[in-house]
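Colleague: Take a look at this one; I'll ask things after.
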Amino acid sequence: MKRLFAGVAAAFLAAALFFPCNAMSASSAVLLDAQTGRVLYEKQPDKQSLIASTTKIMTALVVCEQCNVLDRVRIPAEAVGIEGSSMYLKAGEVLTVQDLLYGLMLHSGNDAAVALAIYCGGTVEGFAELMNDKAHRLGLTNTHFVNPNGLDSPGHYSTAKDMAMLAAYAMENPIFYKTVSAKTVTAGGRTLRNHNKLLWTLDGADGVKTGYTKKAGRILVSSCTRQGRRLIAVTMNDGNDWQDHQRLMETGFSGFSVKQIVNKGACLGTVPIVSGTSGAVKLIATKDFSYALSQNEQVEIVLSQPEFAYAPVVQGQAAGYAYVCIDKKAVGKIPLVYGETVEMKQETKPSLWSKLFKGG
């Protein structure tokens with residue numbers, strides 16, 4: 001293993017130092033840098049919890065990916081009079097999928113959730129299967145859905161970390177983004193105002209969803225984008241969620257910045273060549289790598305490749321990996337390739353005349 005050092009700084013600071021746990025009201029929380037996937041802060045990130053109406057992030061995502069938002073939906077009787085928050089749908093009225101998405105995400109309509117679930121999945125149960133299939137494909141290993149609206153139910157849960165990953169993915173969908181970032185809209189003859197107060201109070205806030213039940217407590221998933229960089233914050237059972245999210249976001253943006261650590265095509269080292277026309281060959285990075293770093297963090301690049309290689313080797317041939325490490329923990333893996341072709345050295349055999357003269 002060879003080690004190279006990227007001169008970012010001299011000492012490592014854990015992200016948790018920026019956010020002391022005793023100052024965070026939530027039972028669990030995560031702050032995620034959406035661009036690089038780095039968790040900047042966590043408190044019991046994998047604790048399974050009820051998630052109330054933040055469930056509707058997955059509901060909206062599945063609908064955005066599988067339905068045409070211009071489709072017109074006739075509201076079935078099963079979607080009328082659902083308990084909890086509502087956009088007060090009437091059986092038989094017709095709204096577009098986009099209208100229902102606004103009612104779902106701005107007004108947290110449980111009736112809109114059921115209407116969309118039946119339209120998209122045939123039944124509420126069938127739609128829940130679509131939600132769980134999407135969760136599986138996104139790698140949300142501590143998440144399971146049984147309904148599209150988040151009403152408390154056995155077997156319906158997620159974690160702060162999974163919800164952050166889900167929100168980061170969903171915000172890349174332009175229809176989803178358009179929906180959750182809207183402050184006030186008119187949809188289906190109704191004027192809807194977004195329940196997410198951060199849209200008015202936090203610079204760059206552009207999503208995502210509030211949630212509350214008596215048993216779950218206050219749940220909040222938020223997104224904030226500044227200068228092309230997006231942070232996702234999640235708090236579970238947090239009675240001080242608006243202030244906690246403000247503080248998480250401000251500290252996340254001021255305490256960390258995204259830095260380019262490796263450039264595609266950069267030479268990260270060499271490996272000796274045995275019996276080759278050249279004694280060594282360069283090891284080339286096959287992709288860029290960026291990461292969110294605090295000012296005082298040290299980045300280490302660890303090369304994992306053979307101690308030597310026999311000729312011939314071919315330019316572009318796989319040649320091991322470079323691991324990007326912080327505090328001796330790998331945070332990225334970059335495939336390496338040989339930078340040039342090195343042929344095998346040909347041995348010249350002496351001719352008959354040279355043998356005769358040498359012997360003579």
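By convention here, the chains of the structure tokens are called A, B, ... in the order presented, each chain's residues are numbered starting at 1, and ligands are numbered starting at 1 in the order presented.
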Could you list, as a PDB file with N, CA, C and O atoms, in the first residue's frame, every residue within 6 Å of Ala311 (chain A), counting only C-alpha atoms and ignoring same-chain residues fewer than 6 positions away?
Modeller:
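File written: out20.pdb
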ATOM      1  N   VAL A 274       8.289  -5.445 -14.753  1.00  0.00           N
ATOM      2  CA  VAL A 274       9.318  -6.468 -14.904  1.00  0.00           C
ATOM      3  C   VAL A 274       9.380  -6.907 -16.362  1.00  0.00           C
ATOM      4  O   VAL A 274       8.347  -7.165 -16.989  1.00  0.00           O
ATOM      5  N   SER A 275      10.607  -6.957 -16.920  1.00  0.00           N
ATOM      6  CA  SER A 275      10.852  -7.412 -18.288  1.00  0.00           C
ATOM      7  C   SER A 275      10.170  -6.531 -19.322  1.00  0.00           C
ATOM      8  O   SER A 275       9.726  -7.010 -20.375  1.00  0.00           O
ATOM      9  N   GLY A 276      10.075  -5.236 -19.033  1.00  0.00           N
ATOM     10  CA  GLY A 276       9.427  -4.327 -19.965  1.00  0.00           C
ATOM     11  C   GLY A 276      10.392  -3.379 -20.621  1.00  0.00           C
ATOM     12  O   GLY A 276      11.534  -3.218 -20.188  1.00  0.00           O
ATOM     13  N   GLU A 343       5.661  -2.582 -23.675  1.00  0.00           N
ATOM     14  CA  GLU A 343       5.879  -3.881 -24.335  1.00  0.00           C
ATOM     15  C   GLU A 343       6.913  -4.712 -23.579  1.00  0.00           C
ATOM     16  O   GLU A 343       7.687  -4.199 -22.767  1.00  0.00           O
ATOM     17  N   MET A 344       6.918  -5.991 -23.882  1.00  0.00           N
ATOM     18  CA  MET A 344       7.904  -6.886 -23.293  1.00  0.00           C
ATOM     19  C   MET A 344       9.249  -6.672 -23.982  1.00  0.00           C
ATOM     20  O   MET A 344       9.321  -6.536 -25.202  1.00  0.00           O
TER      21      MET A 344
END
Colleague: If you count only C-alpha atoms, which residues fall within 7 Å of His195 (chain A), apart from same-chain ones fewer than 2 positions away, as a PyMOL selection string?
Modeller: chain A and resi 106-107+193+197+210
Colleague: Can you work out which one of A:Ala160, A:Ile334, A:Ala318, A:Ala266 has the shortest atom-to-atom distance to Phe289 (chain A), counting only C-alpha atoms?
Modeller: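 Comparing A:Ala160, A:Ile334, A:Ala318, A:Ala266 against Phe289 (chain A), the winner is A:Ile334.
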Colleague: Going by DSSP on the backbone, which residues of region 128-205 of chain A come out as alpha helix (DSSP H)? List them as a ChimeraX atom specification.
Modeller: /A:128-137,160-170,174-180,198-201
Colleague: Excluding Leu138 (chain A) and any residue of its chain fewer than 5 positions from it, enumerate the residues within 12 Å of it, using only C-alpha atoms, and give them as a list in words.
Modeller: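 The contact residues come out as Met58, Leu61, Met131, Asn132, Asp133, Thr143, Asp162, Met163, Ala164, Met165, Leu166, Ala167, Ala168, Tyr169 and Ala170 of chain A.
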